[in-house]
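S.K.: This is the structure, below, for whatever I ask next.
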Amino acid sequence: MLEGDAVEQEDVFRVGRVVSVEGRQVHVAVDKLKNGAHLLFQGGIVRNVAVGGYLKITKGFSELIAKVDGELIEQDRSASPIYKRGVDPMNRRLQVSLIGYIEGGRFERGVRELPLLDNECFILTEAEFGLIHSFVEDSDTPIEVGVLAMEPTQSVSVGVNSIFASHVGIFGNTGSGKSYTLAKLYHELFARYGALDTFRQRSQFVLIDFNGEYLNRDASGGDNRSTSVMTSDANKREYALSTRSGSGPRLPLPSNAVSDLAFWTVLLDATEKTQAPFLARVLNSDYWDRRLADPNDLSTVLGDMVLRATKSSDKSVDRQTLLNLLAEVQTCLGSTAPQELAAVIEDFQTNLHYNATQGKFFWGEWTNYVDPDHSTWESLTKDKIVALPIDFSTIEPGIDLIRFKIVLQYYNDIISGFSNREHLSPLIKRLETRVPDIKKLITVEDDGDQYDAPLTVVSLRDVNLSMRKVIPMLLCKHLYDLKKETDPTNARYLNLIIDEAHNILSLESSRESEAWRDYRLETFEEIVKEGRKFGVFLTLASQRPHDISPTIISQLHNYFLHRLVNNLDVLAIEKAVSYLDRVSFEQLPILPRGVCVVAGVSAQVPVIVRISPLAPETEPNSRTMSIAADWLRPLEEAPLSALDSPEALGDDAPPFAQPESEPSPWSSEDPPF
């Protein structure tokens, strides 16, 4: 630029001078000729300074950058009384806060020095504006996420290292574009690296999808188009879990994870003082393993348990306890249970009785009974159990076998008087209901790497409420522990992506015990606080940041903040993101759909970004239906498959057919919001 042009630009771009310095807060008096909305410079239009914009304060050879937080006017008492207009004696003042400085051709965030009174203030040039919004370091790889909402010509890119080697929070009310932003980030990442073999070998992304938004759709499934959400099938493996049917896909876990104490503690919601130590005794002892190695030995142990129960003087051991024991053994054996066992159970139900007054068992009718002191009592009870042709080796290793050992230990403790029935019986009740559900969702596999695809999507859309809390906890803890144990040099990268994170990271929940809540939160708090050291990172997306533990929210490195209406949610973000300016906070409740505030270590300054559109086939399945258009179309009933029939779905079957999905209303040229 010529010297004359530089002088002219300095004269045009100057807006005022510093009149007050109070720490980071600075007041600027605006020149009277710079009160318009725009300025003219070399035939072009330059936007004048305004709230939300930036100023450059020159202090000698230093160039300090400040953001305009507000403006006000005050009367100039020294103005000449000959002014004819009422606005002439009014001075415009800007309230600005220092955010950084320009040095060596780069913008650096932070306050290194403060301005002096009468320092001149200037509008930023196009080059300086670009420096502030250049968030990617020279050593990093940029991915474009959108454009500035207030300046659509300025694209916004973030660095791969600064985003994906950090904990990320994506927050916003439903319908604000939260899922779209999540899909956009990872779509751009896989578009750049997905074809590289080294990326596929060294990276592992696991997405917990509560609503099935990130599953691919097939064009034959009632939609006019197929989808590849985030990335293609070559980089993606999907597990659409379901507790409605036992024939769906199952999540693979190794046997050591299934036999881990934490697995059963979480699954059965075991209390810390009584039930968890009981489970530890079962899993750490080899007593039942040695008995299972010899079927005759185990049959003798079962027969001895029946004999001791019927001779016990403990009034808590009644007839139903004995029948429940035999029924549990029959359940654990499943289809391999012999008919003779069912006959013995029926025989006991018919002939074995209990006198609650005397606290004694007896066999047969009251008029002609046999009591436990009779010499034939053992042949009536124990010998019938020992003689059963039971093949215990048919019990599947893994969940079924451990359940069998828990049942045997429970009844052995109750009959022997080692444990309080009231303390352990709730655990056995949960065992009866949750084991059948978990068997529909998990399979035991020890061969190979179960999560070798770069992206694994685990959908919990058709999973019942209790398992929705258990599965993410089990999977995340297993992957985190496995990463620490098997990868001490951090050769691989693990990113746990949790959509609708408030479902499992809520601070308060009336549906669970306090011990289970503490264990759940402590696990994820450990990951968010210590995971970076082991190459493990979290990406959270949630509608309610207020419900999530403040410890987790405060440890995130980058934030994508969509519209948040609830004041508690805004306050939760305000407490966690201390460097977010007041103007950005005030805009959170009124952000348009698809627009978010990007803040954190990846952005030098908080910026309001409009997320760029995705191709229709890569959009998440979270489109808001157009009811005005849908109500004008006739309802077309699609034929039900065997899996989707009302008989298969049971009580969860929908009362009416679902309408065919509309294609995306946005073309590839139009914005998605």
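Ordered as shown in the structure tokens, chains take letters A, B, and onward, while each chain numbers its residues from 1 and ligands are numbered from 1 in the order shown.
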What are the DSSP strand (DSSP E) residues of segment 277-453 of chain A, as an MDAnalysis selection string?

M.R.: chainID A and resid 352:355 360:363 442:444

S.K.: The selected residues should be written to file as a JSON list (two decimals), in the first residue's frame (atoms: C-alpha atoms).

M.R.:
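Result went into again05.json, see below:
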[["chain", "number", "residue", "atom", "x", "y", "z"],
["A", 352, "LEU", "CA", -43.80, -80.89, 50.35],
["A", 353, "HIS", "CA", -45.51, -78.67, 52.93],
["A", 354, "TYR", "CA", -44.41, -76.22, 55.59],
["A", 355, "ASN", "CA", -45.92, -75.62, 59.02],
["A", 360, "LYS", "CA", -40.97, -77.36, 60.15],
["A", 361, "PHE", "CA", -41.38, -79.09, 56.79],
["A", 362, "PHE", "CA", -43.39, -82.28, 56.33],
["A", 363, "TRP", "CA", -44.07, -84.61, 53.40],
["A", 442, "ILE", "CA", -24.86, -58.45, 24.14],
["A", 443, "THR", "CA", -22.98, -61.42, 22.78],
["A", 444, "VAL", "CA", -19.69, -62.78, 24.12]]

S.K.: Segment 477-502 of chain A near segment 448-468 of chain A within 12 Å: what's each residue's closest atom pair and its distance in Å to one decimal, counting only C-alpha atoms, ordered by chain then ascending residue number, as a tab-separated table?

M.R.:
residue	atom	partner	partner_atom	distance
A:His478	CA	A:Tyr451	CA	11.8
A:Leu479	CA	A:Tyr451	CA	9.5
A:Leu482	CA	A:Asp449	CA	11.4
A:Arg492	CA	A:Pro454	CA	11.0
A:Tyr493	CA	A:Pro454	CA	10.0
A:Leu494	CA	A:Pro454	CA	9.6
A:Asn495	CA	A:Leu455	CA	9.5
A:Leu496	CA	A:Thr456	CA	9.8
A:Ile497	CA	A:Val457	CA	9.2
A:Ile498	CA	A:Val458	CA	9.9
A:Asp499	CA	A:Ser459	CA	10.2
A:Glu500	CA	A:Leu460	CA	11.1
A:Ala501	CA	A:Arg468	CA	11.4
A:His502	CA	A:Arg468	CA	11.8

S.K.: Would you mind exporting N, CA and C atoms of the selected residues as a CSV table (one decimal), in the first residue's frame?

M.R.:
chain,number,residue,atom,x,y,z
A,478,HIS,N,-15.8,-50.3,29.4
A,478,HIS,CA,-15.0,-51.4,28.8
A,478,HIS,C,-14.0,-50.8,27.9
A,479,LEU,N,-14.4,-50.0,27.0
A,479,LEU,CA,-13.5,-49.4,26.0
A,479,LEU,C,-12.4,-48.6,26.6
A,482,LEU,N,-10.0,-50.9,28.5
A,482,LEU,CA,-9.2,-51.7,27.5
A,482,LEU,C,-8.2,-50.8,26.9
A,492,ARG,N,-3.2,-45.7,19.5
A,492,ARG,CA,-4.5,-45.6,18.9
A,492,ARG,C,-5.3,-44.4,19.5
A,493,TYR,N,-6.3,-44.0,18.9
A,493,TYR,CA,-7.1,-42.9,19.3
A,493,TYR,C,-8.5,-43.4,19.5
A,494,LEU,N,-9.2,-43.0,20.6
A,494,LEU,CA,-10.5,-43.4,21.0
A,494,LEU,C,-11.3,-42.2,21.3
A,495,ASN,N,-12.5,-42.0,20.6
A,495,ASN,CA,-13.4,-40.9,20.8
A,495,ASN,C,-14.8,-41.5,21.1
A,496,LEU,N,-15.3,-41.2,22.3
A,496,LEU,CA,-16.6,-41.7,22.7
A,496,LEU,C,-17.6,-40.5,22.4
A,497,ILE,N,-18.5,-40.7,21.5
A,497,ILE,CA,-19.5,-39.7,21.2
A,497,ILE,C,-20.9,-40.1,21.8
A,498,ILE,N,-21.4,-39.2,22.6
A,498,ILE,CA,-22.7,-39.6,23.3
A,498,ILE,C,-23.7,-38.5,22.9
A,499,ASP,N,-24.7,-38.9,22.1
A,499,ASP,CA,-25.8,-38.1,21.7
A,499,ASP,C,-26.8,-38.1,22.8
A,500,GLU,N,-27.5,-37.0,23.1
A,500,GLU,CA,-28.5,-37.0,24.1
A,500,GLU,C,-27.9,-37.4,25.5
A,501,ALA,N,-26.8,-36.8,25.8
A,501,ALA,CA,-25.9,-37.2,26.9
A,501,ALA,C,-26.6,-37.0,28.3
A,502,HIS,N,-27.7,-36.2,28.3
A,502,HIS,CA,-28.4,-36.0,29.6
A,502,HIS,C,-29.0,-37.3,30.1

S.K.: Give me, as a list in words, all polymer residues having an atom no more than 10 Å from Leu474 of chain A, counting only C-alpha atoms and skipping those fewer than 3 positions away in the same chain.

M.R.: Leu253, Ala257, Val258, Ala262, Phe263, Trp264, Val266, Leu267, Lys469, Val470, Ile471, Lys477, His478, Leu479 and Arg520 of chain A

S.K.: Smallest atom-to-atom distance to Thr181 of chain A: which of A:Ala270, A:Ile553, A:Ser259, A:Val168, using only C-alpha atoms?

M.R.: A:Val168

S.K.: Ranking A:Ser335, A:Thr381, A:Ser375, A:Asn173 by minimum distance to Asn566 of chain A and counting only C-alpha atoms, which one comes first?

M.R.: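 Selected residue with least distance to Asn566 of chain A: A:Asn173.
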
S.K.: Just to confirm, what's the straight-line distance from atom CA of Ala309 of chain A to atom CA of Leu322 of chain A in Å (one decimal)?

M.R.: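 Straight-line distance from atom CA of Ala309 of chain A to atom CA of Leu322 of chain A works out to 7.0 Å.
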
S.K.: Choose the residue, out of A:Ser312, A:Thr336, A:Thr321, A:Thr376, that has the smallest atom-to-atom separation from Gln349 of chain A; count only C-alpha atoms.

M.R.: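 Of A:Ser312, A:Thr336, A:Thr321, A:Thr376, the one nearest Gln349 of chain A, counting only C-alpha atoms, is A:Thr321.
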
S.K.: Give me the residues near Asn284 of chain A as a count of residues only, where near means some atom within 10 Å (using only C-alpha atoms) and where sequence neighbours in that chain fewer than 2 positions away do not count.

M.R.: 9

S.K.: At a cut-off of 12 Å, using only C-alpha atoms, what residues contact Leu98 of chain A? Leave out same-chain residues fewer than 5 positions from it and give the result as a PyMOL selection string.

M.R.: chain A and resi 21-27+54-57+63-69+108-115+579+581+605

S.K.: For the residues selected in the previous step, produce a file with C-alpha atoms as a short mmCIF file (atom, residue, chain, number, x, y, z; two decimals), in the first residue's frame.

M.R.:
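Final output, saved to result_37.cif:
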data_model
loop_
_atom_site.label_atom_id
_atom_site.label_comp_id
_atom_site.auth_asym_id
_atom_site.auth_seq_id
_atom_site.Cartn_x
_atom_site.Cartn_y
_atom_site.Cartn_z
CA VAL A 21 -9.37 2.01 31.20
CA GLU A 22 -10.74 -0.23 33.96
CA GLY A 23 -8.84 -3.50 33.66
CA ARG A 24 -10.05 -5.33 30.54
CA GLN A 25 -12.99 -2.95 30.26
CA VAL A 26 -12.20 0.09 28.12
CA HIS A 27 -14.37 3.06 27.11
CA TYR A 54 -14.10 -5.48 16.87
CA LEU A 55 -11.75 -2.53 17.37
CA LYS A 56 -8.00 -2.15 17.08
CA ILE A 57 -6.35 0.02 19.72
CA GLU A 63 -1.95 -3.43 18.26
CA LEU A 64 -4.54 -4.48 20.85
CA ILE A 65 -7.82 -6.08 19.78
CA ALA A 66 -11.06 -5.42 21.67
CA LYS A 67 -14.66 -6.54 21.21
CA VAL A 68 -17.53 -4.07 21.49
CA ASP A 69 -19.89 -5.09 24.29
CA GLU A 108 -3.01 -14.11 19.95
CA ARG A 109 -5.75 -14.42 22.55
CA GLY A 110 -5.17 -12.90 25.97
CA VAL A 111 -4.25 -9.59 27.57
CA ARG A 112 -0.54 -8.83 27.50
CA GLU A 113 -0.78 -5.10 28.14
CA LEU A 114 -3.45 -2.44 28.66
CA PRO A 115 -4.02 0.66 26.52
CA TYR A 579 -14.31 -16.68 28.47
CA ASP A 581 -18.55 -12.66 26.34
CA VAL A 605 -12.54 -15.62 20.08
#

S.K.: Out of segment 398-512 of chain A, which residues get alpha helix (DSSP H) from DSSP, as JSON, numbers by chain?

M.R.: {"A": [399, 400, 401, 402, 403, 404, 405, 406, 407, 408, 409, 410, 411, 412, 413, 414, 415, 416, 421, 422, 423, 424, 425, 426, 427, 428, 429, 430, 431, 432, 433, 434, 435, 436, 437, 438, 439, 440, 441, 465, 466, 467, 468, 469, 470, 471, 472, 473, 474, 475, 476, 477, 478, 479, 480, 481, 482, 483, 484, 485, 486, 502, 503, 504, 505]}

S.K.: Excluding Pro397 of chain A and any residue of its chain fewer than 3 positions from it, enumerate the residues within 12 Å of it, using only C-alpha atoms, and give them as a list in words.

M.R.: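 Near neighbours after the sequence-gap exclusion: Pro254, Ser255, Asn256, Val258, Ser259, Asp289, Leu292, Cys332, Leu333, Phe392, Ser393, Thr394, Asp400, Leu401, Ile402, Arg403, Phe404, Lys405, Thr443, Val444, Glu445 and Asp446 of chain A.
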
S.K.: Could you tell me how far atom CA of Thr539 of chain A lies from atom CA of Ile170 of chain A, in Å and to one decimal?

M.R.: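 Atom-to-atom, atom CA of Thr539 of chain A and atom CA of Ile170 of chain A are spaced 7.7 Å apart.
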
S.K.: Using only C-alpha atoms, pick whichever of A:Ala342, A:Glu365, A:Val206, A:Glu128 has the shortest atom-to-atom distance to Cys476 of chain A.

M.R.: A:Val206

S.K.: Using only C-alpha atoms, determine which residues lie at most 10 Å from Gln555 of chain A, disregarding the query and same-chain residues fewer than 5 positions distant; provide the list as a list of chain:residue names.

M.R.: A:Ser166, A:His167, A:Val168, A:Gly169, A:Glu525, A:Val528, A:Lys529, A:Pro550, A:Ala576, A:Val577

S.K.: Keeping only N, CA and C atoms, write the selected residues as a JSON list (two decimals), in the first residue's frame.

M.R.:
[["chain", "number", "residue", "atom", "x", "y", "z"],
["A", 166, "SER", "N", -9.66, -33.18, 21.82],
["A", 166, "SER", "CA", -10.22, -32.42, 22.94],
["A", 166, "SER", "C", -11.59, -32.98, 23.27],
["A", 167, "HIS", "N", -12.10, -32.58, 24.42],
["A", 167, "HIS", "CA", -13.48, -32.92, 24.79],
["A", 167, "HIS", "C", -14.39, -31.82, 24.24],
["A", 168, "VAL", "N", -15.47, -32.23, 23.58],
["A", 168, "VAL", "CA", -16.34, -31.30, 22.86],
["A", 168, "VAL", "C", -17.75, -31.40, 23.44],
["A", 169, "GLY", "N", -18.38, -30.24, 23.61],
["A", 169, "GLY", "CA", -19.77, -30.18, 24.04],
["A", 169, "GLY", "C", -20.62, -29.47, 22.99],
["A", 525, "GLU", "N", -16.67, -38.86, 34.76],
["A", 525, "GLU", "CA", -15.82, -37.75, 35.21],
["A", 525, "GLU", "C", -14.35, -38.13, 35.14],
["A", 528, "VAL", "N", -13.40, -37.75, 31.44],
["A", 528, "VAL", "CA", -13.27, -36.38, 30.97],
["A", 528, "VAL", "C", -12.09, -35.67, 31.62],
["A", 529, "LYS", "N", -11.70, -36.11, 32.83],
["A", 529, "LYS", "CA", -10.56, -35.47, 33.51],
["A", 529, "LYS", "C", -9.23, -36.11, 33.17],
["A", 550, "PRO", "N", -21.80, -30.69, 36.58],
["A", 550, "PRO", "CA", -20.97, -29.50, 36.33],
["A", 550, "PRO", "C", -19.49, -29.83, 36.15],
["A", 576, "ALA", "N", -19.51, -22.59, 33.23],
["A", 576, "ALA", "CA", -18.46, -23.45, 32.70],
["A", 576, "ALA", "C", -17.56, -22.72, 31.71],
["A", 577, "VAL", "N", -18.15, -21.83, 30.89],
["A", 577, "VAL", "CA", -17.40, -21.15, 29.83],
["A", 577, "VAL", "C", -17.13, -19.72, 30.28]]

S.K.: Give me, please, the distance in Å between atom CA of Pro589 of chain A and atom CA of Glu144 of chain A, quoted to one decimal.

M.R.: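 Atom-to-atom, atom CA of Pro589 of chain A and atom CA of Glu144 of chain A are spaced 25.2 Å apart.
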
S.K.: Considering only C-alpha atoms, state which residue in the set A:Gln320, A:Asn567, A:Asn368, A:Thr486 is at the smallest distance from Tyr411 of chain A.

M.R.: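 The shortest atom-to-atom distance to Tyr411 of chain A comes from A:Gln320.
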
S.K.: Using only C-alpha atoms, can you tell me which of A:Leu380, A:Glu619, A:Arg563, A:Lys439 comes closest to Gly246 of chain A?

M.R.: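 Distance minimum relative to Gly246 of chain A lands on A:Lys439.
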